[in-house]
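Take a look at the structure below.
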Amino acid sequence: MRTAVITLAAGRHGHLSLQQAGLAGGTCVPDQYVVVAMDDPDLGAVLAGRRPPATVVDCPVRAENLPLARARNLGAAHALERGADLLVFLDVDCVPGERLLERYTQVARDPAHQRSLLCGTVAHLPPPGPAGYRLRELPALAGPHPARPAPAPGETRAGTDHTLFWSLSFALTADTWHAVGGFGEEYEGYGGEDTDYGQRARAAGVRLTWVGGAPAFHQYHPVASPPVGHLHDILRNAEIFHRRWGWWPMTGWLDAFAERGLIHWNRSAARWEPREEPCRAPAEDPPTADLRGRHA
């Protein structure tokens, strides 16, 4: 089974370098390592001369919104054109565990899981010490994210809730990629496109399978909670999602924005809208039956 690892990057060069080192130190090395550069002309120099060898695919950025969905589709198209049977997507911040590719490949070969989104565990690491992260020490630094299933090494677990899918680390066969149809490119900027992909998979009859023994380790970086800098992206993408699926995603962020007076619920339009000037008044309560879904 020919395997391609696909990563999107716009900066985060140090994180990308450690990911590449993690891939080189794994029990299986990918046949292709495809890095999609979103307006980042320096990526080639970061990756050059190191193993596994990387191919950089350029993805232009329009209106300063990172085209995450389009970039994933470009990376997948490049890998499939060159014969990949298994696509493994890793967030640029994620370092693969030693057996990640081995386990994804092993499970993908099982006929019972060939039509599945395969999701390994992700551990969010604490800030690195002065010497940075050391690959062999990563498993001891943090456990799997508590909001996701975490099967034991060698085990798999059937997923019953496609809203738990996230794009930090997952794999799928070429046939499954074609069955789902790729990421929705109408989503731009931060938030929503991976929640949408989980629902596309569900609608296509593609199962969700949690894979034990395929850990990824998410390198620390500062984040805003809620991500106020991405407010307009999140509002736009949440509305696109709502039109398609009939419920609101990312409700944790939307509620937090409303509590801060940054957005309000327009009852007559049945939508979230930004306030021109933030205020402390609480938003009107939106209809709770229409707010299924979850923080993306």
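Residue numbers start at 1 in each chain; chains themselves are named A, B, ... in the order of the structure tokens; ligands are numbered from 1 in the order shown.
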Pick out the residues sitting within 10 Å of Val34 in chain A, and hand them over as a PDB file with N, CA and C atoms, in the first residue's frame; count only C-alpha atoms, and ignore anything fewer than 6 positions along from it in its own chain.
```
ATOM      1  N   ALA A   4       0.923   8.277   1.270  1.00  0.00           N
ATOM      2  CA  ALA A   4       1.311   9.680   1.145  1.00  0.00           C
ATOM      3  C   ALA A   4       0.905  10.415   2.407  1.00  0.00           C
ATOM      4  N   VAL A   5       1.839  11.138   3.007  1.00  0.00           N
ATOM      5  CA  VAL A   5       1.542  12.036   4.119  1.00  0.00           C
ATOM      6  C   VAL A   5       1.372  13.434   3.546  1.00  0.00           C
ATOM      7  N   ILE A   6       0.278  14.094   3.927  1.00  0.00           N
ATOM      8  CA  ILE A   6      -0.059  15.414   3.394  1.00  0.00           C
ATOM      9  C   ILE A   6      -0.163  16.396   4.547  1.00  0.00           C
ATOM     10  N   THR A   7       0.560  17.502   4.431  1.00  0.00           N
ATOM     11  CA  THR A   7       0.599  18.531   5.472  1.00  0.00           C
ATOM     12  C   THR A   7       0.419  19.894   4.828  1.00  0.00           C
ATOM     13  N   LEU A   8      -0.303  20.778   5.492  1.00  0.00           N
ATOM     14  CA  LEU A   8      -0.458  22.156   5.035  1.00  0.00           C
ATOM     15  C   LEU A   8       0.409  23.053   5.902  1.00  0.00           C
ATOM     16  N   PRO A  53      12.202  12.735   1.774  1.00  0.00           N
ATOM     17  CA  PRO A  53      12.181  13.848   0.821  1.00  0.00           C
ATOM     18  C   PRO A  53      10.759  14.366   0.656  1.00  0.00           C
ATOM     19  N   ALA A  54      10.632  15.676   0.553  1.00  0.00           N
ATOM     20  CA  ALA A  54       9.314  16.305   0.480  1.00  0.00           C
ATOM     21  C   ALA A  54       9.101  16.957  -0.872  1.00  0.00           C
ATOM     22  N   THR A  55       7.863  16.956  -1.308  1.00  0.00           N
ATOM     23  CA  THR A  55       7.436  17.704  -2.480  1.00  0.00           C
ATOM     24  C   THR A  55       6.566  18.860  -2.011  1.00  0.00           C
ATOM     25  N   VAL A  56       6.886  20.065  -2.442  1.00  0.00           N
ATOM     26  CA  VAL A  56       6.124  21.244  -2.051  1.00  0.00           C
ATOM     27  C   VAL A  56       5.150  21.588  -3.173  1.00  0.00           C
ATOM     28  N   VAL A  57       3.887  21.706  -2.820  1.00  0.00           N
ATOM     29  CA  VAL A  57       2.825  22.102  -3.749  1.00  0.00           C
ATOM     30  C   VAL A  57       2.349  23.484  -3.343  1.00  0.00           C
ATOM     31  N   LEU A  74      -5.739  19.981  -2.905  1.00  0.00           N
ATOM     32  CA  LEU A  74      -4.576  20.034  -3.790  1.00  0.00           C
ATOM     33  C   LEU A  74      -3.549  18.975  -3.403  1.00  0.00           C
ATOM     34  N   GLY A  75      -3.287  18.857  -2.113  1.00  0.00           N
ATOM     35  CA  GLY A  75      -2.328  17.859  -1.656  1.00  0.00           C
ATOM     36  C   GLY A  75      -2.776  16.453  -1.996  1.00  0.00           C
ATOM     37  N   ALA A  76      -4.062  16.173  -1.798  1.00  0.00           N
ATOM     38  CA  ALA A  76      -4.589  14.842  -2.117  1.00  0.00           C
ATOM     39  C   ALA A  76      -4.502  14.576  -3.612  1.00  0.00           C
ATOM     40  N   HIS A  78      -2.417  15.783  -5.782  1.00  0.00           N
ATOM     41  CA  HIS A  78      -1.016  15.544  -6.147  1.00  0.00           C
ATOM     42  C   HIS A  78      -0.606  14.121  -5.790  1.00  0.00           C
ATOM     43  N   ALA A  79      -0.961  13.676  -4.572  1.00  0.00           N
ATOM     44  CA  ALA A  79      -0.572  12.342  -4.125  1.00  0.00           C
ATOM     45  C   ALA A  79      -1.264  11.255  -4.949  1.00  0.00           C
ATOM     46  N   PHE A  89      -3.294  12.540   6.537  1.00  0.00           N
ATOM     47  CA  PHE A  89      -3.245  13.989   6.741  1.00  0.00           C
ATOM     48  C   PHE A  89      -2.757  14.273   8.155  1.00  0.00           C
TER      49      PHE A  89
END
```
Distance of CA of Thr163 in chain A from CA of Val180 in chain A, expressed in Å to one decimal place: 15.3 Å
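Using only C-alpha atoms, the nearest neighbour of Pro52 in chain A within the list A:Gly83, A:Gln20, A:Thr173, A:Ala179 is A:Gln20.
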Determine, using only C-alpha atoms, which residues of range 19-52 of chain A have any atom at most 12 Å from an atom of range 208-225 of chain A, and tabulate each with its shortest atom pair and distance in Å to one decimal place, rows ordered by chain and then rising number, as JSON lines.
```
{"residue": "A:Gln19", "atom": "CA", "partner": "A:Phe217", "partner_atom": "CA", "distance": 9.4}
{"residue": "A:Gly22", "atom": "CA", "partner": "A:Ala216", "partner_atom": "CA", "distance": 9.7}
{"residue": "A:Leu23", "atom": "CA", "partner": "A:Ala216", "partner_atom": "CA", "distance": 10.8}
{"residue": "A:Gly26", "atom": "CA", "partner": "A:Ala214", "partner_atom": "CA", "distance": 11.0}
{"residue": "A:Thr27", "atom": "CA", "partner": "A:Ala214", "partner_atom": "CA", "distance": 11.4}
{"residue": "A:Cys28", "atom": "CA", "partner": "A:Ala214", "partner_atom": "CA", "distance": 11.8}
```
Written selection (N, CA, C and O atoms) as a compact mmCIF listing (two decimals), in the first residue's frame:
```txt
# COMPACT_ATOMS: atom_id res chain seq x y z
N GLN A 19 8.18 17.54 12.57
CA GLN A 19 7.31 16.55 11.95
C GLN A 19 8.09 15.70 10.95
O GLN A 19 7.96 14.46 10.93
N GLY A 22 10.14 13.26 12.73
CA GLY A 22 9.32 12.18 13.25
C GLY A 22 8.97 11.16 12.19
O GLY A 22 8.99 9.94 12.44
N LEU A 23 8.67 11.63 10.99
CA LEU A 23 8.39 10.70 9.89
C LEU A 23 9.63 9.86 9.56
O LEU A 23 9.53 8.66 9.30
N GLY A 26 10.14 6.90 11.98
CA GLY A 26 9.05 5.96 12.18
C GLY A 26 9.38 4.56 11.69
O GLY A 26 10.35 4.35 10.94
N THR A 27 8.57 3.59 12.11
CA THR A 27 8.75 2.22 11.66
C THR A 27 8.40 2.05 10.18
O THR A 27 8.84 1.09 9.56
N CYS A 28 7.59 2.96 9.65
CA CYS A 28 7.29 3.01 8.21
C CYS A 28 7.56 4.42 7.72
O CYS A 28 7.22 5.39 8.39
```
Just give me the gap between CA of Phe183 in chain A and CA of Trp245 in chain A in Å, one decimal is fine.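 Answer for the CA of Phe183 in chain A to CA of Trp245 in chain A separation: 14.8 Å.
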My list of candidates is A:Leu86, A:Ser268, A:Gly181, A:Arg103. Which is closest to Asp31 in chain A when distances are computed with only C-alpha atoms?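 Ranked by minimum distance to Asp31 in chain A, first place goes to A:Leu86.
Compared by their closest atoms to Arg82 in chain A, and using only C-alpha atoms, the residues A:Met38, A:Ala108, A:Ala150, A:Ala174 rank with A:Ala174 nearest.
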Residue nearest Val95 in chain A among A:Leu18, A:Val29, A:Leu125, A:Ala171 (counting only C-alpha atoms):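 Closest residue, counting only C-alpha atoms: A:Leu18.
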